[in-house]
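Just structure_12.cif here, mmCIF, C-alpha atoms and all ligand atoms:
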data_run
loop_
_atom_site.label_atom_id
_atom_site.label_comp_id
_atom_site.auth_asym_id
_atom_site.auth_seq_id
_atom_site.Cartn_x
_atom_site.Cartn_y
_atom_site.Cartn_z
CA MET A 165 -108.62 85.21 -117.29
CA THR A 166 -108.49 81.89 -115.52
CA SER A 167 -105.57 79.48 -115.93
CA LYS A 168 -105.96 75.78 -116.60
CA PRO A 169 -106.79 73.76 -113.47
CA THR A 170 -104.08 71.33 -112.31
CA TRP A 171 -105.59 69.38 -109.39
CA ILE A 172 -106.08 65.62 -109.65
CA SER A 173 -107.50 65.53 -106.11
CA VAL A 174 -109.63 68.17 -104.39
CA GLN A 175 -109.19 66.79 -100.87
CA GLU A 176 -107.02 67.00 -97.80
CA HIS A 177 -104.14 64.53 -97.58
CA ALA A 178 -101.64 63.45 -94.90
CA LEU A 179 -98.10 64.86 -94.64
CA THR A 180 -95.86 62.50 -96.62
CA GLU A 181 -93.01 63.02 -99.07
CA ASP A 182 -95.24 62.09 -102.03
CA ASN A 183 -98.02 64.43 -100.94
CA LEU A 184 -95.59 67.31 -100.37
CA ARG A 185 -94.31 66.82 -103.92
CA LEU A 186 -97.86 66.65 -105.29
CA LEU A 187 -98.76 69.84 -103.42
CA LEU A 188 -95.62 71.64 -104.64
CA ASP A 189 -96.54 70.54 -108.17
CA ASN A 190 -100.09 71.85 -107.49
CA LYS A 191 -101.70 68.45 -108.11
CA ILE A 192 -103.60 68.15 -104.83
CA ALA A 193 -105.59 70.76 -102.91
CA ALA A 194 -104.19 70.50 -99.39
CA ILE A 195 -102.32 68.64 -96.66
CA ARG A 196 -103.65 68.64 -93.11
CA ILE A 197 -101.79 67.67 -89.92
CA PRO A 198 -104.60 66.98 -87.44
CA GLY A 199 -103.77 67.29 -83.75
CA PHE A 200 -100.52 69.19 -84.43
CA ALA A 201 -100.87 70.80 -80.98
CA SER A 202 -102.81 69.91 -77.84
CA PRO A 203 -105.79 71.96 -76.59
CA SER A 204 -103.65 73.43 -73.80
CA GLU A 205 -100.90 74.40 -76.25
CA CYS A 206 -103.55 76.09 -78.40
CA ARG A 207 -104.91 78.02 -75.42
CA SER A 208 -101.51 79.20 -74.23
CA PHE A 209 -100.44 80.15 -77.77
CA ALA A 210 -103.61 82.19 -78.42
CA ALA A 211 -103.31 83.95 -75.04
CA ALA A 212 -99.62 84.75 -75.58
CA ALA A 213 -100.32 86.03 -79.11
CA LYS A 214 -103.02 88.41 -77.84
CA ASN A 215 -100.50 89.78 -75.32
CA GLY A 216 -97.76 90.05 -77.94
CA ASN A 217 -96.47 92.97 -80.03
CA MET A 218 -99.48 92.98 -82.38
CA GLN A 219 -99.36 95.36 -85.36
CA TYR A 220 -101.90 96.11 -88.09
CA TYR A 221 -101.58 96.04 -91.87
CA ASN A 222 -102.34 99.20 -93.75
CA VAL A 223 -105.49 97.75 -95.35
CA SER A 224 -109.12 98.51 -94.53
CA ASP A 225 -109.70 95.10 -92.93
CA ARG A 226 -108.37 94.81 -89.39
CA ILE A 227 -105.73 92.11 -89.55
CA GLY A 228 -103.38 91.94 -86.57
CA TYR A 229 -99.94 90.41 -86.94
CA ILE A 230 -96.72 89.77 -85.03
CA GLY A 231 -93.50 89.44 -87.03
CA LEU A 232 -93.10 90.68 -90.59
CA ALA A 233 -94.04 89.81 -94.15
CA GLN A 234 -91.29 90.05 -96.76
CA TYR A 235 -93.74 91.17 -99.45
CA GLN A 236 -94.48 94.34 -97.47
CA TYR A 237 -91.03 95.46 -98.59
CA ARG A 238 -91.38 94.81 -102.28
CA TRP A 239 -92.23 98.29 -103.57
CA THR A 240 -90.97 100.77 -101.01
CA LYS A 241 -88.00 99.28 -99.20
CA THR A 242 -84.65 97.72 -99.96
CA LYS A 243 -83.50 94.18 -99.37
CA GLU A 244 -81.05 95.54 -96.79
CA GLU A 245 -83.90 97.18 -94.86
CA PHE A 246 -85.84 93.93 -94.98
CA LEU A 247 -82.93 91.85 -93.67
CA ALA A 248 -82.18 94.42 -90.95
CA ASP A 249 -85.77 94.13 -89.64
CA VAL A 250 -85.66 90.32 -89.35
CA PRO A 251 -84.06 90.03 -85.84
CA LYS A 252 -86.72 92.25 -84.19
CA ALA A 253 -89.55 90.33 -85.89
CA ARG A 254 -87.98 87.10 -84.72
CA ALA A 255 -87.69 88.38 -81.13
CA ASP A 256 -91.39 89.37 -81.18
CA VAL A 257 -92.59 85.87 -82.12
CA GLU A 258 -90.06 84.18 -79.85
CA GLU A 259 -91.61 86.11 -76.96
CA VAL A 260 -94.93 84.39 -77.80
CA PHE A 261 -93.21 80.99 -78.14
CA ALA A 262 -91.58 81.48 -74.72
CA HIS A 263 -95.04 81.66 -73.14
CA SER A 264 -96.45 78.72 -75.09
CA PHE A 265 -94.60 76.55 -77.61
CA ASP A 266 -92.73 76.92 -80.91
CA PRO A 267 -94.93 75.84 -83.84
CA LEU A 268 -92.28 76.92 -86.38
CA GLN A 269 -89.72 74.51 -84.96
CA ARG A 270 -92.32 71.73 -84.79
CA VAL A 271 -93.36 72.24 -88.42
CA MET A 272 -89.72 72.25 -89.56
CA GLU A 273 -89.11 68.97 -87.70
CA GLN A 274 -92.14 67.34 -89.33
CA LEU A 275 -91.11 68.61 -92.77
CA ARG A 276 -87.57 67.29 -92.22
CA ALA A 277 -88.97 63.89 -91.24
CA ALA A 278 -90.93 63.76 -94.52
CA TRP A 279 -88.65 65.45 -97.06
CA PRO A 280 -85.38 63.93 -98.40
CA HIS A 281 -83.65 67.32 -98.93
CA PRO A 282 -82.67 70.04 -96.43
CA VAL A 283 -85.45 72.11 -94.84
CA ASP A 284 -84.43 75.47 -93.34
CA LEU A 285 -85.14 79.18 -93.21
CA ALA A 286 -84.69 80.94 -96.56
CA ARG A 287 -81.43 82.91 -96.81
CA GLU A 288 -80.27 85.93 -98.72
CA GLY A 289 -76.48 86.22 -99.01
CA GLY A 290 -76.16 84.03 -95.90
CA LYS A 291 -78.64 86.06 -93.84
CA PRO A 292 -81.86 84.34 -92.71
CA TYR A 293 -85.33 85.50 -93.64
CA PHE A 294 -88.05 85.72 -91.04
CA ALA A 295 -90.60 82.87 -90.83
CA GLY A 296 -93.59 82.27 -88.58
CA ILE A 297 -95.88 85.29 -88.79
CA ILE A 298 -98.68 85.27 -86.21
CA ARG A 299 -102.07 86.61 -87.27
CA SER A 300 -105.26 87.41 -85.41
CA THR A 301 -108.42 88.57 -87.14
CA SER A 302 -112.13 88.02 -87.60
CA ASP A 303 -112.20 90.13 -90.78
CA LYS A 304 -112.00 88.78 -94.29
CA ILE A 305 -108.73 88.51 -96.17
CA ASP A 306 -109.26 89.42 -99.81
CA LEU A 307 -108.48 87.32 -102.83
CA HIS A 308 -104.71 87.19 -103.29
CA VAL A 309 -101.78 85.03 -104.35
CA ASP A 310 -98.38 84.47 -102.82
CA TRP A 311 -95.91 83.54 -105.56
CA ALA A 312 -92.33 84.71 -105.09
CA PRO A 313 -91.10 84.32 -108.71
CA VAL A 314 -93.52 87.14 -109.61
CA ASN A 315 -93.78 88.95 -106.24
CA SER A 316 -90.06 88.97 -105.38
CA PRO A 317 -88.04 88.18 -108.52
CA ASP A 318 -84.90 89.91 -107.21
CA TYR A 319 -84.74 87.88 -104.00
CA ALA A 320 -83.27 84.38 -103.48
CA ILE A 321 -86.82 83.06 -103.05
CA GLY A 322 -87.61 84.24 -106.59
CA ALA A 323 -85.86 81.05 -107.79
CA ILE A 324 -88.39 78.61 -106.30
CA ASP A 325 -90.50 76.37 -108.54
CA GLY A 326 -93.32 75.75 -106.05
CA GLN A 327 -94.71 77.72 -103.11
CA LEU A 328 -96.77 76.39 -100.21
CA GLY A 329 -98.18 78.10 -97.16
CA TRP A 330 -98.57 76.32 -93.83
CA ASN A 331 -100.78 77.72 -91.07
CA PHE A 332 -101.29 76.43 -87.56
CA PHE A 333 -104.58 77.46 -86.01
CA ALA A 334 -104.60 78.06 -82.27
CA GLU A 335 -108.10 79.54 -81.94
CA GLU A 336 -111.19 79.43 -84.13
CA LEU A 337 -114.03 81.84 -84.73
CA ALA A 338 -117.54 81.01 -83.56
CA SER A 339 -118.52 80.90 -87.24
CA GLY A 340 -116.91 81.64 -90.61
CA GLY A 341 -113.19 82.18 -91.09
CA HIS A 342 -112.83 79.38 -93.62
CA THR A 343 -110.28 79.62 -96.44
CA THR A 344 -111.14 79.07 -100.11
CA VAL A 345 -108.38 78.08 -102.52
CA HIS A 346 -109.14 78.46 -106.24
CA ASN A 347 -107.20 76.22 -108.62
CA SER A 348 -106.32 78.85 -111.21
CA PRO A 349 -102.53 79.11 -110.74
CA TRP A 350 -101.39 82.70 -111.08
CA ASP A 351 -99.51 83.43 -114.29
CA PRO A 352 -99.83 87.17 -114.90
CA VAL A 353 -98.39 88.92 -117.92
CA VAL A 354 -95.83 91.37 -116.50
CA ALA A 355 -93.61 93.92 -118.16
CA PRO A 356 -89.87 93.62 -117.40
CA GLY A 357 -89.15 95.05 -113.94
CA GLU A 358 -92.85 95.26 -113.01
CA ILE A 359 -94.06 93.79 -109.70
CA PRO A 360 -97.83 93.45 -110.13
CA LYS A 361 -100.28 93.79 -107.26
CA SER A 362 -101.22 90.41 -105.87
CA TYR A 363 -103.82 91.36 -103.23
CA GLY A 364 -107.44 92.30 -103.91
CA LEU A 365 -107.39 90.47 -107.22
CA GLU A 366 -110.29 90.54 -109.67
CA ARG A 367 -112.74 87.68 -109.41
CA GLY A 368 -112.53 87.09 -113.17
CA LEU A 369 -109.23 85.38 -112.37
CA ILE A 370 -111.00 82.46 -110.69
CA GLU A 371 -114.25 82.25 -112.63
CA GLY A 372 -115.16 78.61 -113.20
CA ALA A 373 -111.99 77.33 -111.49
CA PRO A 374 -112.24 74.35 -109.11
CA GLY A 375 -112.42 75.56 -105.52
CA PHE A 376 -111.46 73.93 -102.25
CA VAL A 377 -112.58 75.15 -98.82
CA TYR A 378 -110.78 74.28 -95.58
CA ARG A 379 -111.75 74.93 -92.01
CA PRO A 380 -109.11 76.43 -89.73
CA THR A 381 -109.69 73.89 -86.96
CA ALA A 382 -107.83 74.76 -83.75
CA GLY A 383 -104.96 72.35 -83.14
CA ASP A 384 -104.39 71.56 -86.84
CA VAL A 385 -101.91 72.67 -89.49
CA VAL A 386 -103.17 73.07 -93.06
CA ILE A 387 -100.79 73.42 -96.03
CA PHE A 388 -101.81 74.52 -99.54
CA ASN A 389 -100.24 75.87 -102.73
CA THR A 390 -100.31 79.67 -102.47
CA ARG A 391 -99.85 80.22 -106.21
CA ASN A 392 -103.58 79.49 -106.34
CA PRO A 393 -105.67 82.61 -105.60
CA HIS A 394 -107.08 82.26 -102.08
CA GLU A 395 -109.26 84.22 -99.66
CA ILE A 396 -110.53 84.02 -96.11
CA ALA A 397 -114.17 84.58 -95.18
CA PRO A 398 -115.11 86.96 -92.35
CA GLY A 399 -116.58 85.42 -89.25
CA THR A 400 -118.14 86.03 -85.90
CA THR A 401 -116.27 85.73 -82.64
CA ALA A 402 -117.06 84.35 -79.25
CA PRO A 403 -116.34 87.06 -76.60
CA GLY A 404 -112.59 87.76 -76.68
CA GLY A 405 -112.18 85.21 -79.47
CA SER A 406 -110.31 85.53 -82.75
CA ARG A 407 -108.87 83.51 -85.60
CA VAL A 408 -105.35 83.11 -84.24
CA SER A 409 -102.80 81.49 -86.51
CA ILE A 410 -99.10 81.29 -87.29
CA GLY A 411 -97.60 80.34 -90.61
CA SER A 412 -95.03 80.81 -93.30
CA PHE A 413 -94.33 79.96 -96.88
CA ILE A 414 -92.38 76.90 -98.00
CA GLY A 415 -90.58 77.25 -101.32
CA ARG A 416 -88.82 74.51 -103.26
CA MET A 417 -85.39 75.75 -104.34
CA PRO A 418 -83.65 74.54 -107.54
CA ASP A 419 -81.60 72.00 -105.47
CA GLY A 420 -84.78 70.45 -104.03
CA SER A 421 -84.32 71.95 -100.56
CA LEU A 422 -87.27 73.65 -98.86
CA ALA A 423 -86.86 77.27 -97.76
CA LEU A 424 -89.20 78.91 -95.25
CA TRP A 425 -90.08 82.59 -94.98
CA ALA A 426 -93.05 84.81 -94.21
O1 LIG A 501 -104.97 81.70 -92.75
C1 LIG A 501 -105.19 81.05 -93.76
O2 LIG A 501 -106.05 80.14 -93.81
C2 LIG A 501 -104.41 81.33 -95.05
C3 LIG A 501 -103.51 82.53 -94.93
C4 LIG A 501 -102.80 82.87 -96.22
O3 LIG A 501 -103.25 83.68 -97.00
C5 LIG A 501 -101.54 82.19 -96.55
O4 LIG A 501 -101.06 81.34 -95.79
O5 LIG A 501 -100.98 82.50 -97.63
FE FE A 502 -101.90 83.99 -98.70
#
Please lay out the structure from this file as structure tokens.
Ligand SMILES: O=C(O)CCC(=O)C(=O)O
Ligand SMILES: [Fe+2]
Amino acid sequence: MTSKPTWISVQEHALTEDNLRLLLDNKIAAIRIPGFASPSECRSFAAAAKNGNMQYYNVSDRIGYIGLAQYQYRWTKTKEEFLADVPKARADVEEVFAHSFDPLQRVMEQLRAAWPHPVDLAREGGKPYFAGIIRSTSDKIDLHVDWAPVNSPDYAIGAIDGQLGWNFFAEELASGGHTTVHNSPWDPVVAPGEIPKSYGLERGLIEGAPGFVYRPTAGDVVIFNTRNPHEIAPGTTAPGGSRVSIGSFIGRMPDGSLALWA
């Protein structure tokens, strides 16, 4: 079943306070920061990522990543195990930053310049989450949603009232690799205590919903509302090429502050 569409604009907008609020309220399709990094920063970041501690998700598509994703812990591991793994994940991405630049810091600075409330890493009992997961793939990423109130209700981030994802693209594919965001905000019926699957969703969920496609242009950051089901198309690579990105979620906490995690 699709949910009612909410967008009043199916376009990319600039990073401003008003547009961040509209995106958090799921009223606009996307924000783009063109020229977030220079061509040489993109090259050094992509090279450092390919030399980094790349791991692979346990799904059939080959998606490489450096760092960790909190939602990998939701069914099989405890919060304590998650928080204990954060420092190593952070060290792995900082190794990449040391050979290039730190997109996470740059994004946080730009968010702080735009947003009137604090912007920082998400925290759980004072301990920071990990943010800034690096990904490299030319495979598809299946239809999924990222929405902490349903995915992670027992975590601090479960209290957010809006969830965005930012991604910086350091290297593009020769073709394909675009992202489609479907404006059918996820609102599943869940039994108490149930954490539903949120990856590989049925297409009935987005039937007839307005869609927005963005290109992962190298050098740019794109931000969208991840409560909308979204998917990434497969592509073809130039020799040695890949779709290299880094990103995290941005949640709006009850006090208006923005909390980042991956
Ligand atoms: O790489 C992208 O374009 C989007 C990745 C994604 O699924 C997300 O940021 O939630
Ligand atoms: Fe996602």
Please identify every residue of range 209-301 of chain A that has at least one atom no farther than 9 Å from an atom of range 175-191 of chain A, counting all atoms listed in the file, and for each give the shortest atom pair and the distance in Å to one decimal, arranged by chain then increasing number, as a Markdown table.
| residue | atom | partner | partner_atom | distance |
| --- | --- | --- | --- | --- |
| A:Gln274 | CA | A:Leu179 | CA | 8.4 |
| A:Leu275 | CA | A:Leu179 | CA | 8.1 |
| A:Ala277 | CA | A:Thr180 | CA | 8.9 |
| A:Ala278 | CA | A:Glu181 | CA | 5.1 |
| A:Trp279 | CA | A:Glu181 | CA | 5.4 |
| A:Pro280 | CA | A:Glu181 | CA | 7.7 |
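The residue that comes closest to His308 in chain A, out of A:Leu424, A:Ala213, A:Ile410, A:Ile396 and on the basis of all atoms listed in the file, is A:Ile396.
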Could you list, as a VMD selection string, all the residues within 6 Å of ligand LIG 501 (chain A), counting all atoms listed in the file?
chain A and resid 329 to 331 343 390
I'd like a table as a Markdown table: residues in chain A with an atom no more than 10 Å from ligand FE 502 (chain A), each row giving the shortest atom pair and its distance in Å to one decimal, only C-alpha atoms and all ligand atoms counted, sorted by chain and rising residue number.
| residue | atom | partner | partner_atom | distance |
| --- | --- | --- | --- | --- |
| A:Ile305 | CA | A:FE502 | FE | 8.6 |
| A:Asp306 | CA | A:FE502 | FE | 9.2 |
| A:Leu307 | CA | A:FE502 | FE | 8.5 |
| A:His308 | CA | A:FE502 | FE | 6.3 |
| A:Val309 | CA | A:FE502 | FE | 5.7 |
| A:Asp310 | CA | A:FE502 | FE | 5.4 |
| A:Trp311 | CA | A:FE502 | FE | 9.1 |
| A:Leu328 | CA | A:FE502 | FE | 9.3 |
| A:Gly329 | CA | A:FE502 | FE | 7.1 |
| A:Trp330 | CA | A:FE502 | FE | 9.7 |
| A:Asn331 | CA | A:FE502 | FE | 9.9 |
| A:Thr343 | CA | A:FE502 | FE | 9.7 |
| A:Val345 | CA | A:FE502 | FE | 9.6 |
| A:Ser362 | CA | A:FE502 | FE | 9.6 |
| A:Tyr363 | CA | A:FE502 | FE | 8.9 |
| A:Phe388 | CA | A:FE502 | FE | 9.5 |
| A:Asn389 | CA | A:FE502 | FE | 9.2 |
| A:Thr390 | CA | A:FE502 | FE | 6.0 |
| A:Arg391 | CA | A:FE502 | FE | 8.6 |
| A:Asn392 | CA | A:FE502 | FE | 9.0 |
| A:Pro393 | CA | A:FE502 | FE | 8.0 |
| A:His394 | CA | A:FE502 | FE | 6.4 |
| A:Glu395 | CA | A:FE502 | FE | 7.4 |
| A:Ile396 | CA | A:FE502 | FE | 9.0 |
| A:Gly411 | CA | A:FE502 | FE | 9.9 |
| A:Ser412 | CA | A:FE502 | FE | 9.3 |
| A:Phe413 | CA | A:FE502 | FE | 8.8 |
| A:Ala426 | CA | A:FE502 | FE | 10.0 |
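Near Pro251 in chain A, within 10 Å and counting all atoms listed in the file, sit Gly231, Leu247, Ala255, Asp256, Pro292, Tyr293 and Phe294 of chain A, not including residues fewer than 4 positions from it in the same chain.
Interatomic distance, CA of Trp425 in chain A against CA of Glu336 in chain A: 23.9 Å.
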Can you work out the spacing between CA of Ser348 in chain A and CA of Ala373 in chain A in Å, to one decimal?
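Interatomic distance here is 5.9 Å.
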